[in-house]
Structures are given as C-alpha cells and as structure tokens.
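Chemist: So I've got this file, my_file11.cif, and it contains mmCIF, C-alpha atoms and all ligand atoms:
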data_my_file
loop_
_atom_site.label_atom_id
_atom_site.label_comp_id
_atom_site.auth_asym_id
_atom_site.auth_seq_id
_atom_site.Cartn_x
_atom_site.Cartn_y
_atom_site.Cartn_z
CA MET H 41 39.85 29.60 -17.14
CA PHE H 42 38.16 29.69 -20.55
CA GLY H 43 35.36 31.91 -21.79
CA ALA H 44 34.86 34.87 -24.07
CA PRO H 45 37.50 37.52 -23.37
CA ARG H 46 36.24 41.02 -22.65
CA SER H 47 37.66 44.46 -23.34
CA LYS H 48 37.28 46.78 -20.34
CA GLU H 49 38.15 49.78 -22.49
CA PHE H 50 35.35 49.17 -25.00
CA ASP H 51 32.94 47.40 -22.62
CA ASP H 52 32.46 44.59 -25.13
CA VAL H 53 33.36 40.94 -25.76
CA TYR H 54 35.70 39.63 -28.48
CA PHE H 55 33.13 37.01 -29.40
CA SER H 56 29.82 35.64 -28.14
CA ALA H 57 29.86 34.05 -24.70
CA GLU H 58 27.05 31.76 -25.94
CA ASN H 59 29.21 30.11 -28.63
CA GLY H 60 31.92 32.15 -30.33
CA LEU H 61 32.59 29.73 -33.17
CA GLU H 62 28.90 29.32 -34.05
CA GLU H 63 28.55 33.09 -34.01
CA THR H 64 31.49 33.42 -36.43
CA ARG H 65 29.95 30.82 -38.73
CA HIS H 66 26.56 32.52 -38.67
CA VAL H 67 27.67 36.14 -39.01
CA PHE H 68 30.81 36.07 -41.10
CA LEU H 69 30.83 32.77 -43.00
CA ARG H 70 27.17 32.20 -43.87
CA GLY H 71 26.61 36.00 -43.83
CA ASN H 72 29.13 36.25 -46.68
CA ASN H 73 27.93 33.14 -48.52
CA LEU H 74 31.13 31.21 -47.79
CA PRO H 75 32.32 28.78 -49.04
CA ALA H 76 30.15 29.22 -52.20
CA ALA H 77 31.58 32.74 -52.78
CA TRP H 78 35.08 31.41 -53.48
CA GLU H 79 33.97 28.61 -55.82
CA GLY H 80 35.75 28.94 -59.17
CA ARG H 81 38.11 31.68 -57.90
CA SER H 82 41.84 30.95 -57.98
CA ASP H 83 42.70 33.80 -55.58
CA PHE H 84 40.29 34.99 -52.92
CA VAL H 85 40.84 37.95 -50.59
CA ILE H 86 39.10 38.52 -47.26
CA ALA H 87 39.73 41.63 -45.17
CA GLU H 88 38.77 41.94 -41.53
CA THR H 89 38.56 44.93 -39.21
CA GLY H 90 39.59 43.62 -35.77
CA PHE H 91 41.75 40.46 -35.59
CA GLY H 92 41.28 40.03 -31.84
CA THR H 93 41.87 36.40 -30.92
CA GLY H 94 41.97 35.16 -34.53
CA LEU H 95 38.82 33.06 -34.10
CA ASN H 96 37.30 34.36 -37.36
CA PHE H 97 40.53 33.69 -39.21
CA LEU H 98 40.81 30.13 -37.88
CA ALA H 99 37.18 29.42 -38.79
CA VAL H 100 37.66 30.61 -42.36
CA TRP H 101 40.99 28.83 -42.78
CA LYS H 102 39.42 25.55 -41.62
CA LEU H 103 36.49 26.06 -44.01
CA PHE H 104 38.93 26.75 -46.83
CA LEU H 105 40.85 23.53 -46.09
CA GLU H 106 37.61 21.58 -46.24
CA HIS H 107 35.98 23.33 -49.22
CA SER H 108 38.54 24.42 -51.79
CA GLN H 109 40.42 23.01 -54.75
CA PRO H 110 44.20 22.44 -54.60
CA HIS H 111 44.90 25.36 -56.98
CA GLN H 112 42.92 27.91 -54.94
CA LYS H 113 44.61 30.45 -52.66
CA LEU H 114 43.26 32.51 -49.78
CA HIS H 115 44.68 35.83 -48.59
CA PHE H 116 43.28 37.07 -45.27
CA ILE H 117 44.13 40.66 -44.34
CA SER H 118 43.31 41.76 -40.80
CA PHE H 119 43.77 45.00 -38.84
CA GLU H 120 44.39 45.17 -35.11
CA LYS H 121 45.20 48.31 -33.11
CA TYR H 122 45.51 46.63 -29.69
CA PRO H 123 47.08 43.23 -30.46
CA LEU H 124 46.96 40.39 -27.97
CA ASP H 125 50.10 38.25 -27.72
CA ALA H 126 50.24 34.56 -28.61
CA GLU H 127 49.56 33.43 -25.03
CA GLU H 128 46.61 35.78 -24.75
CA ILE H 129 44.97 34.38 -27.90
CA ALA H 130 45.76 30.74 -27.05
CA LEU H 131 43.72 30.70 -23.85
CA PRO H 132 40.30 31.84 -25.13
CA LEU H 133 40.72 29.59 -28.21
CA GLN H 134 41.23 26.46 -26.08
CA PRO H 135 37.56 25.37 -26.32
CA TRP H 136 38.20 24.84 -30.06
CA ALA H 137 41.66 23.26 -29.81
CA LYS H 138 40.30 20.01 -31.24
CA GLU H 139 38.37 21.74 -34.03
CA PHE H 140 41.53 23.66 -35.02
CA ASP H 141 43.93 20.81 -34.24
CA THR H 142 46.42 21.69 -36.99
CA CYS H 143 45.52 25.35 -37.64
CA LEU H 144 45.78 26.71 -34.08
CA PRO H 145 49.31 25.38 -33.35
CA ARG H 146 50.46 26.72 -36.73
CA LEU H 147 48.95 30.15 -36.08
CA LEU H 148 50.64 30.31 -32.68
CA GLU H 149 53.91 29.19 -34.25
CA VAL H 150 54.02 32.05 -36.78
CA TYR H 151 52.23 34.68 -34.65
CA PRO H 152 54.43 37.80 -34.67
CA ALA H 153 55.89 39.88 -31.86
CA LEU H 154 53.70 42.88 -31.07
CA ILE H 155 55.57 45.27 -33.36
CA PRO H 156 53.44 47.86 -35.20
CA GLY H 157 53.12 47.44 -38.96
CA PHE H 158 52.48 44.74 -41.58
CA HIS H 159 53.27 41.08 -40.79
CA HIS H 160 53.04 38.71 -43.78
CA LEU H 161 52.53 35.18 -42.50
CA ASP H 162 52.41 32.14 -44.78
CA LEU H 163 50.34 29.59 -42.88
CA ASP H 164 50.66 26.95 -45.57
CA GLU H 165 51.25 26.88 -49.32
CA ARG H 166 47.79 28.26 -50.09
CA VAL H 167 46.89 30.48 -47.17
CA ARG H 168 48.50 33.82 -46.34
CA LEU H 169 47.61 36.03 -43.38
CA THR H 170 48.62 39.69 -43.50
CA LEU H 171 48.28 40.89 -39.94
CA ILE H 172 48.46 44.66 -39.62
CA PHE H 173 49.10 45.97 -36.12
CA ASP H 174 47.83 49.52 -36.50
CA ASP H 175 44.69 51.64 -36.38
CA VAL H 176 42.45 50.55 -39.25
CA ASN H 177 41.82 54.23 -40.13
CA VAL H 178 45.52 54.74 -40.78
CA ALA H 179 46.52 51.36 -42.18
CA LEU H 180 43.72 50.92 -44.72
CA ALA H 181 45.20 53.77 -46.76
CA ARG H 182 48.38 51.71 -47.14
CA VAL H 183 46.61 48.62 -48.46
CA ASP H 184 46.40 47.83 -52.15
CA ALA H 185 44.25 44.76 -52.81
CA GLN H 186 41.01 43.75 -54.43
CA VAL H 187 38.89 42.51 -51.58
CA ASP H 188 36.18 39.91 -52.24
CA VAL H 189 34.70 39.78 -48.74
CA TRP H 190 34.80 42.04 -45.66
CA PHE H 191 34.39 40.90 -42.05
CA LEU H 192 33.45 44.01 -40.02
CA ASP H 193 34.17 42.96 -36.46
CA GLY H 194 35.15 46.07 -34.50
CA PHE H 195 33.71 46.45 -31.05
CA LYS H 196 30.17 47.83 -31.01
CA PRO H 197 29.75 51.20 -32.76
CA SER H 198 28.35 52.91 -29.63
CA THR H 199 31.60 52.38 -27.67
CA ASN H 200 34.07 52.27 -30.59
CA PRO H 201 32.80 54.64 -33.31
CA ASP H 202 36.36 54.96 -34.74
CA MET H 203 36.13 51.47 -36.17
CA TRP H 204 33.04 52.44 -38.19
CA SER H 205 34.22 55.74 -39.61
CA GLU H 206 33.64 57.35 -42.99
CA THR H 207 37.38 56.85 -43.62
CA VAL H 208 36.99 53.09 -43.16
CA PHE H 209 33.91 52.94 -45.41
CA LYS H 210 35.60 55.03 -48.14
CA HIS H 211 38.64 52.74 -48.18
CA MET H 212 36.37 49.71 -48.21
CA ALA H 213 34.78 51.11 -51.39
CA ARG H 214 38.21 51.80 -52.92
CA LEU H 215 39.30 48.21 -52.32
CA SER H 216 36.00 46.58 -53.39
CA ARG H 217 34.71 45.47 -56.80
CA PRO H 218 31.06 45.17 -57.84
CA GLY H 219 29.89 42.05 -56.04
CA THR H 220 32.25 42.34 -53.07
CA ARG H 221 30.29 41.35 -49.97
CA PHE H 222 30.42 42.34 -46.32
CA ALA H 223 28.90 40.98 -43.14
CA THR H 224 28.83 42.37 -39.62
CA PHE H 225 27.19 41.55 -36.28
CA THR H 226 25.76 45.08 -35.96
CA ALA H 227 22.61 46.55 -37.45
CA ALA H 228 23.27 50.05 -36.10
CA GLY H 229 21.67 52.72 -38.29
CA ALA H 230 24.84 54.83 -38.54
CA VAL H 231 26.81 51.85 -39.86
CA ARG H 232 24.15 50.94 -42.39
CA ARG H 233 23.90 54.53 -43.62
CA GLY H 234 27.69 54.90 -43.79
CA LEU H 235 28.08 51.75 -45.85
CA GLN H 236 25.25 52.78 -48.18
CA ALA H 237 26.84 56.20 -48.73
CA ALA H 238 30.07 54.41 -49.67
CA GLY H 239 28.31 52.27 -52.29
CA PHE H 240 27.09 49.12 -50.54
CA ASN H 241 23.58 47.74 -50.72
CA VAL H 242 22.78 46.91 -47.10
CA LYS H 243 20.29 44.40 -45.74
CA LYS H 244 19.23 43.57 -42.17
CA VAL H 245 19.08 39.82 -41.49
CA PRO H 246 18.59 37.75 -38.31
CA GLY H 247 21.55 37.94 -35.93
CA PHE H 248 23.15 35.16 -33.91
CA GLY H 249 21.60 33.85 -30.69
CA SER H 250 19.97 36.58 -28.69
CA LYS H 251 20.91 39.31 -31.19
CA ARG H 252 17.85 40.17 -33.26
CA ASP H 253 19.56 41.69 -36.31
CA MET H 254 22.89 41.90 -38.13
CA SER H 255 23.81 43.39 -41.52
CA VAL H 256 25.07 41.98 -44.79
CA GLY H 257 25.57 43.63 -48.15
CA VAL H 258 27.11 43.87 -51.58
CA PHE H 259 29.17 46.62 -53.18
CA VAL H 260 27.40 48.17 -56.15
CA GLY H 261 29.19 51.54 -56.38
CA GLU H 262 28.52 55.03 -55.11
CA ASN H 263 25.09 56.54 -55.98
CA MET H 264 23.73 53.06 -56.72
CA ALA H 265 23.31 51.73 -53.20
CA GLY H 266 20.14 51.36 -51.15
CA ASP H 267 18.37 48.81 -48.97
CA GLY H 268 18.43 45.13 -49.89
CA VAL H 269 21.09 42.88 -51.42
C1 LIG Y 301 35.16 42.18 -31.46
S1 LIG Y 301 36.89 42.22 -31.44
C2 LIG Y 301 37.36 41.23 -32.82
C3 LIG Y 301 37.20 39.75 -32.59
C4 LIG Y 301 38.00 38.96 -33.59
N1 LIG Y 301 37.57 39.09 -34.95
C5 LIG Y 301 38.13 37.51 -33.18
O1 LIG Y 301 37.97 36.63 -34.05
O2 LIG Y 301 38.49 37.28 -32.01
C6 LIG Y 301 37.28 43.84 -32.09
C7 LIG Y 301 38.77 44.06 -32.28
O3 LIG Y 301 38.97 45.35 -32.89
C8 LIG Y 301 40.16 45.91 -32.36
N2 LIG Y 301 40.13 47.37 -32.59
C9 LIG Y 301 39.41 48.29 -31.90
N3 LIG Y 301 39.58 49.52 -32.45
C10 LIG Y 301 40.44 49.37 -33.50
C11 LIG Y 301 40.97 50.26 -34.48
N4 LIG Y 301 40.69 51.58 -34.47
N5 LIG Y 301 41.79 49.75 -35.44
C12 LIG Y 301 42.09 48.41 -35.47
N6 LIG Y 301 41.60 47.52 -34.55
C13 LIG Y 301 40.79 47.99 -33.59
C14 LIG Y 301 40.10 45.52 -30.89
O4 LIG Y 301 41.36 45.58 -30.27
C15 LIG Y 301 39.55 44.08 -30.98
O5 LIG Y 301 40.57 43.13 -31.05
#
Take the structure in the file and give it back as structure tokens.
Modeler:
Amino acid sequence: MFGAPRSKEFDDVYFSAENGLEETRHVFLRGNNLPAAWEGRSDFVIAETGFGTGLNFLAVWKLFLEHSQPHQKLHFISFEKYPLDAEEIALPLQPWAKEFDTCLPRLLEVYPALIPGFHHLDLDERVRLTLIFDDVNVALARVDAQVDVWFLDGFKPSTNPDMWSETVFKHMARLSRPGTRFATFTAAGAVRRGLQAAGFNVKKVPGFGSKRDMSVGVFVGENMAGDGV
C-alpha cells in the first residue's frame, strides 16, 4: 500500500497526499530559488529540520545531478528525532522509484541503523548527507557549518511547537550568512515572527495545492528584518 505516511503522534502527514514530490518542488526547491541559488558556488550547504522519509533530500539530490557542474559539491544536513528505518522509508517512496532510479537504491544502501547521533553518508563523490538522529533543539548547537539554504519541514507548528522554537531560530541565525534563504510550508504567525526576530526577512507566498500560503525568506541579520524578501 502506497500513500503519504501519517504521524499519529503529531496528527500530520510527512508530505502532501495530493503529490508529495510536486509539493517538495514547489515549497522547498522553487521556494529557495534552486537550482539557481547554487550556480557559481563550489560548495553548497542545505540544512533541513525533519528528514522523515528523505523525499526532500532525494528531490534536491536529483536536481543537483541534473543542474550542477562537475566541480560543485552539495552537503545536506538533516535532523530527525523519530527516525524511520530503511524499510519504512522505502515504501512511501515507491511512487517515485522510477524518478529516483539511482538515488533511492543508493540512499537505502547507506541508510544507517537507528542509532542516535551524527551519521556522515557519502552518497557519491559530490554529495554528502549528514543525518542527525536527535532532537533539532539539542543537535543544532553541535553543528558548525555555513548554511546557504534551510528547509523547515517539521510537522505543523500547532501540534509540534518544539520544532519551531526560539532555540531553533537562534541557531539558524548563527549558522546563516547574509543572503541565506529559507522556505517552509507554513505561514503561521508565530513562525514568521520568530524568524523575523532572529534576523530573517519573511514573505508569505502561495502554498502548494490546497494550501493558500507558505513562507520564504532571506537572512539579513538581527534588527534588520521585516516583511518582504
Ligand atoms: C513533515 S515530516 C518531514 C518530511 C520529510 N522532510 C520528508 O521529506 O519526508 C517532519 C519530521 O520532523 C520530525 N521531527 C518532529 N519533531 C522533531 C524534533 N524536535 N527534532 C527533530 N525532528 C523532529 C518528525 O519525526 C518528522 O519526520
């Protein structure tokens, strides 16, 4: 049985039941101006809150394979407090087995045992996935990187406020540079205000499918941020 997996605990889906891959492309790829954002960059870093099934990662890896130069490298860092095992991610990703014909088998091949902590996975010579099995609020403090793009994909803020905490936003600011972008499926006021307080300009844009709004933004630094990108 295929379909979008659902978390009973958070009363939310891992990705859209309408079309998970199209949602990922709309919210996280186009929302972050990818692939244009990595043009001319030899090393590009994306960080994601909520690895889930890995659909976002597979979509960005595929895009990178299609739209990058041979010298460019991608580092994808993702946090996951309640990791699924390889079998549990393989099933919901089956609808895109053809789309990810080389990437999905490789991800499943290197996918780690569910041991807490940092797992550094070299998918190929140019793409590294650092999968961190821990609470994002705890693990972010242990990360040292300059992030170019954030994918904020925790379950919805009303049922999982922990994923959208001041701690997360403060560490996002610490790891961002002026021009670092973020995109997220939510347009919740508390999230927008939290990101602004941390130094991001935040803009509401049309969401995917039946969702009216989502949010995108750019890091400009504390005391500089407001509405608009
Ligand atoms: C909407 S799903 C992410 C979907 C995912 N990006 C994908 O491509 O399938 C949200 C994820 O956040 C994880 N999560 C929830 N609270 C968390 C926390 N405090 N720290 C880290 N991960 C968390 C959930 O277990 C879930 O996998």
Chemist: Quick one: everything within 8 Å of H:Met254, counting all atoms listed in the file, minus sequence neighbours fewer than 5 positions away in the same chain. Send it as a VMD selection string.
Modeler: chain H and resid 67 223 to 227 244 to 248
Chemist: Mind writing the picked residues with C-alpha atoms as a CSV table (one decimal), in the coordinates of the input?
Modeler:
chain,number,residue,atom,x,y,z
H,67,VAL,CA,27.7,36.1,-39.0
H,223,ALA,CA,28.9,41.0,-43.1
H,224,THR,CA,28.8,42.4,-39.6
H,225,PHE,CA,27.2,41.6,-36.3
H,226,THR,CA,25.8,45.1,-36.0
H,227,ALA,CA,22.6,46.6,-37.4
H,244,LYS,CA,19.2,43.6,-42.2
H,245,VAL,CA,19.1,39.8,-41.5
H,246,PRO,CA,18.6,37.8,-38.3
H,247,GLY,CA,21.6,37.9,-35.9
H,248,PHE,CA,23.2,35.2,-33.9
Chemist: At what distance in Å, to one decimal, does atom CA of H:Leu61 lie from atom CA of H:Glu106?
Modeler: 16.2 Å
Chemist: Please report, as CSV, each residue of stretch 183-241 of chain H lying at most 12 Å from stretch 94-100 of chain H, together with the nearest pair of atoms and the separation in Å rounded to one decimal; use only C-alpha atoms, and order rows by chain and ascending residue number.
Modeler:
residue,atom,partner,partner_atom,distance
H:Val189,CA,H:Val100,CA,11.6
H:Trp190,CA,H:Asn96,CA,11.6
H:Phe191,CA,H:Asn96,CA,8.6
H:Leu192,CA,H:Asn96,CA,10.7
H:Asp193,CA,H:Asn96,CA,9.2
H:Thr224,CA,H:Asn96,CA,11.9
Chemist: If you keep C-alpha atoms, can you produce a file of those selected residues as an mmCIF file, in the coordinates of the input?
Modeler:
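Saved file result19.cif follows:
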data_model
loop_
_atom_site.group_PDB
_atom_site.id
_atom_site.type_symbol
_atom_site.label_atom_id
_atom_site.label_comp_id
_atom_site.auth_asym_id
_atom_site.auth_seq_id
_atom_site.Cartn_x
_atom_site.Cartn_y
_atom_site.Cartn_z
ATOM 1 C CA VAL H 189 34.700 39.780 -48.740
ATOM 2 C CA TRP H 190 34.800 42.040 -45.660
ATOM 3 C CA PHE H 191 34.390 40.900 -42.050
ATOM 4 C CA LEU H 192 33.450 44.010 -40.020
ATOM 5 C CA ASP H 193 34.170 42.960 -36.460
ATOM 6 C CA THR H 224 28.830 42.370 -39.620
#
Chemist: Show me, as a PyMOL selection string, the residues that have an atom within 9 Å of H:His211 when counting all atoms listed in the file, minus same-chain residues fewer than 2 positions from it.
Modeler: chain H and resi 177+180-181+183+206-209+213-216+238
Chemist: Just checking: using all atoms listed in the file, which residue out of H:Lys102, H:Gly80, H:Asp162, H:Gly219 ends up closest to H:Asp141?
Modeler: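 Result for the nearest residue to H:Asp141: H:Lys102.
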Chemist: Please report the interatomic distance between atom CA of H:Arg232 and atom CA of H:Asp184 in Å with one decimal.
Modeler: 24.5 Å
Chemist: Just want the residues within 7 Å of ligand LIG 301 (chain Y), written as a compact mmCIF listing (two decimals) with C-alpha atoms, in the coordinates of the input, counting all atoms listed in the file.
Modeler:
# COMPACT_ATOMS: atom_id res chain seq x y z
CA VAL H 53 33.36 40.94 -25.76
CA TYR H 54 35.70 39.63 -28.48
CA PHE H 55 33.13 37.01 -29.40
CA THR H 89 38.56 44.93 -39.21
CA GLY H 90 39.59 43.62 -35.77
CA PHE H 91 41.75 40.46 -35.59
CA GLY H 92 41.28 40.03 -31.84
CA THR H 93 41.87 36.40 -30.92
CA GLY H 94 41.97 35.16 -34.53
CA LEU H 95 38.82 33.06 -34.10
CA ASN H 96 37.30 34.36 -37.36
CA PHE H 97 40.53 33.69 -39.21
CA PHE H 119 43.77 45.00 -38.84
CA GLU H 120 44.39 45.17 -35.11
CA LYS H 121 45.20 48.31 -33.11
CA TYR H 122 45.51 46.63 -29.69
CA PRO H 123 47.08 43.23 -30.46
CA ASP H 174 47.83 49.52 -36.50
CA ASP H 175 44.69 51.64 -36.38
CA VAL H 176 42.45 50.55 -39.25
CA ASN H 177 41.82 54.23 -40.13
CA ASP H 193 34.17 42.96 -36.46
CA GLY H 194 35.15 46.07 -34.50
CA PHE H 195 33.71 46.45 -31.05
CA ASN H 200 34.07 52.27 -30.59
CA ASP H 202 36.36 54.96 -34.74
CA MET H 203 36.13 51.47 -36.17
Chemist: Go through H:Val167, H:Cys143, H:Leu131, H:Ala77 and flag the residue nearest H:Pro110, using only C-alpha atoms for the distances.
Modeler: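 Ranked by minimum distance to H:Pro110, first place goes to H:Val167.
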Chemist: Tell me, as a count of residues only, which residues lie within 8 Å of H:His107, counting only C-alpha atoms; anything in the same chain fewer than 3 positions away does not count.
Modeler: 3
Chemist: So the first atom is atom CA of H:Gly60 and the second is atom CA of H:Leu74; what is the distance between them in Å, to one decimal place?
Modeler: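 Those two atoms sit 17.5 Å apart.
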Chemist: Smallest atom-to-atom distance to H:Glu88: which of H:Glu63, H:Asp188, H:Asp164, H:Glu149, using all atoms listed in the file?
Modeler: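 Closest to H:Glu88, using all atoms listed in the file: H:Asp188.
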Chemist: Give the answer as one residue: which of H:Ile86, H:Val150, H:Leu144, H:Ile129 has the shortest atom-to-atom distance to H:Arg221, using only C-alpha atoms?
Modeler: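 Among the listed residues, H:Ile86 lies closest to H:Arg221.
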Chemist: Name the residues in contact with H:His159 at a cut-off of 9 Å, using only C-alpha atoms, excluding same-chain residues fewer than 5 positions from it; report them as a compact mmCIF listing (two decimals) with C-alpha atoms, in the frame of the given file.
Modeler:
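The resulting out-v9.txt:
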# COMPACT_ATOMS: atom_id res chain seq x y z
CA TYR H 151 52.23 34.68 -34.65
CA PRO H 152 54.43 37.80 -34.67
CA LEU H 169 47.61 36.03 -43.38
CA THR H 170 48.62 39.69 -43.50
CA LEU H 171 48.28 40.89 -39.94
CA ILE H 172 48.46 44.66 -39.62
CA PHE H 173 49.10 45.97 -36.12
Chemist: Let me make sure I understand: among H:Leu133, H:Leu235, H:Leu147, H:Met212, which one has the smallest atom-to-atom distance to H:Ala185 if we use all atoms listed in the file?
Modeler: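 Closest to H:Ala185 of all the choices is H:Met212.
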Chemist: I'd like the neighbourhood of H:Arg166 as a list in words, where a residue qualifies if any of its atoms comes within 12 Å (using all atoms listed in the file), though same-chain residues fewer than 4 positions away should be ignored.
Modeler: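 Neighbouring residues, sequence-local ones excluded: Ser82, Asp83, Phe84, Val85, Trp101, Phe104, Leu105, Ser108, Gln109, Pro110, His111, Gln112, Lys113, Leu114, His115, Phe116, Leu161 and Asp162 of chain H.
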Chemist: Write a file of the just-selected residues containing C-alpha atoms, as a compact mmCIF listing (two decimals), in the frame of the given file.
Modeler:
# COMPACT_ATOMS: atom_id res chain seq x y z
CA SER H 82 41.84 30.95 -57.98
CA ASP H 83 42.70 33.80 -55.58
CA PHE H 84 40.29 34.99 -52.92
CA VAL H 85 40.84 37.95 -50.59
CA TRP H 101 40.99 28.83 -42.78
CA PHE H 104 38.93 26.75 -46.83
CA LEU H 105 40.85 23.53 -46.09
CA SER H 108 38.54 24.42 -51.79
CA GLN H 109 40.42 23.01 -54.75
CA PRO H 110 44.20 22.44 -54.60
CA HIS H 111 44.90 25.36 -56.98
CA GLN H 112 42.92 27.91 -54.94
CA LYS H 113 44.61 30.45 -52.66
CA LEU H 114 43.26 32.51 -49.78
CA HIS H 115 44.68 35.83 -48.59
CA PHE H 116 43.28 37.07 -45.27
CA LEU H 161 52.53 35.18 -42.50
CA ASP H 162 52.41 32.14 -44.78
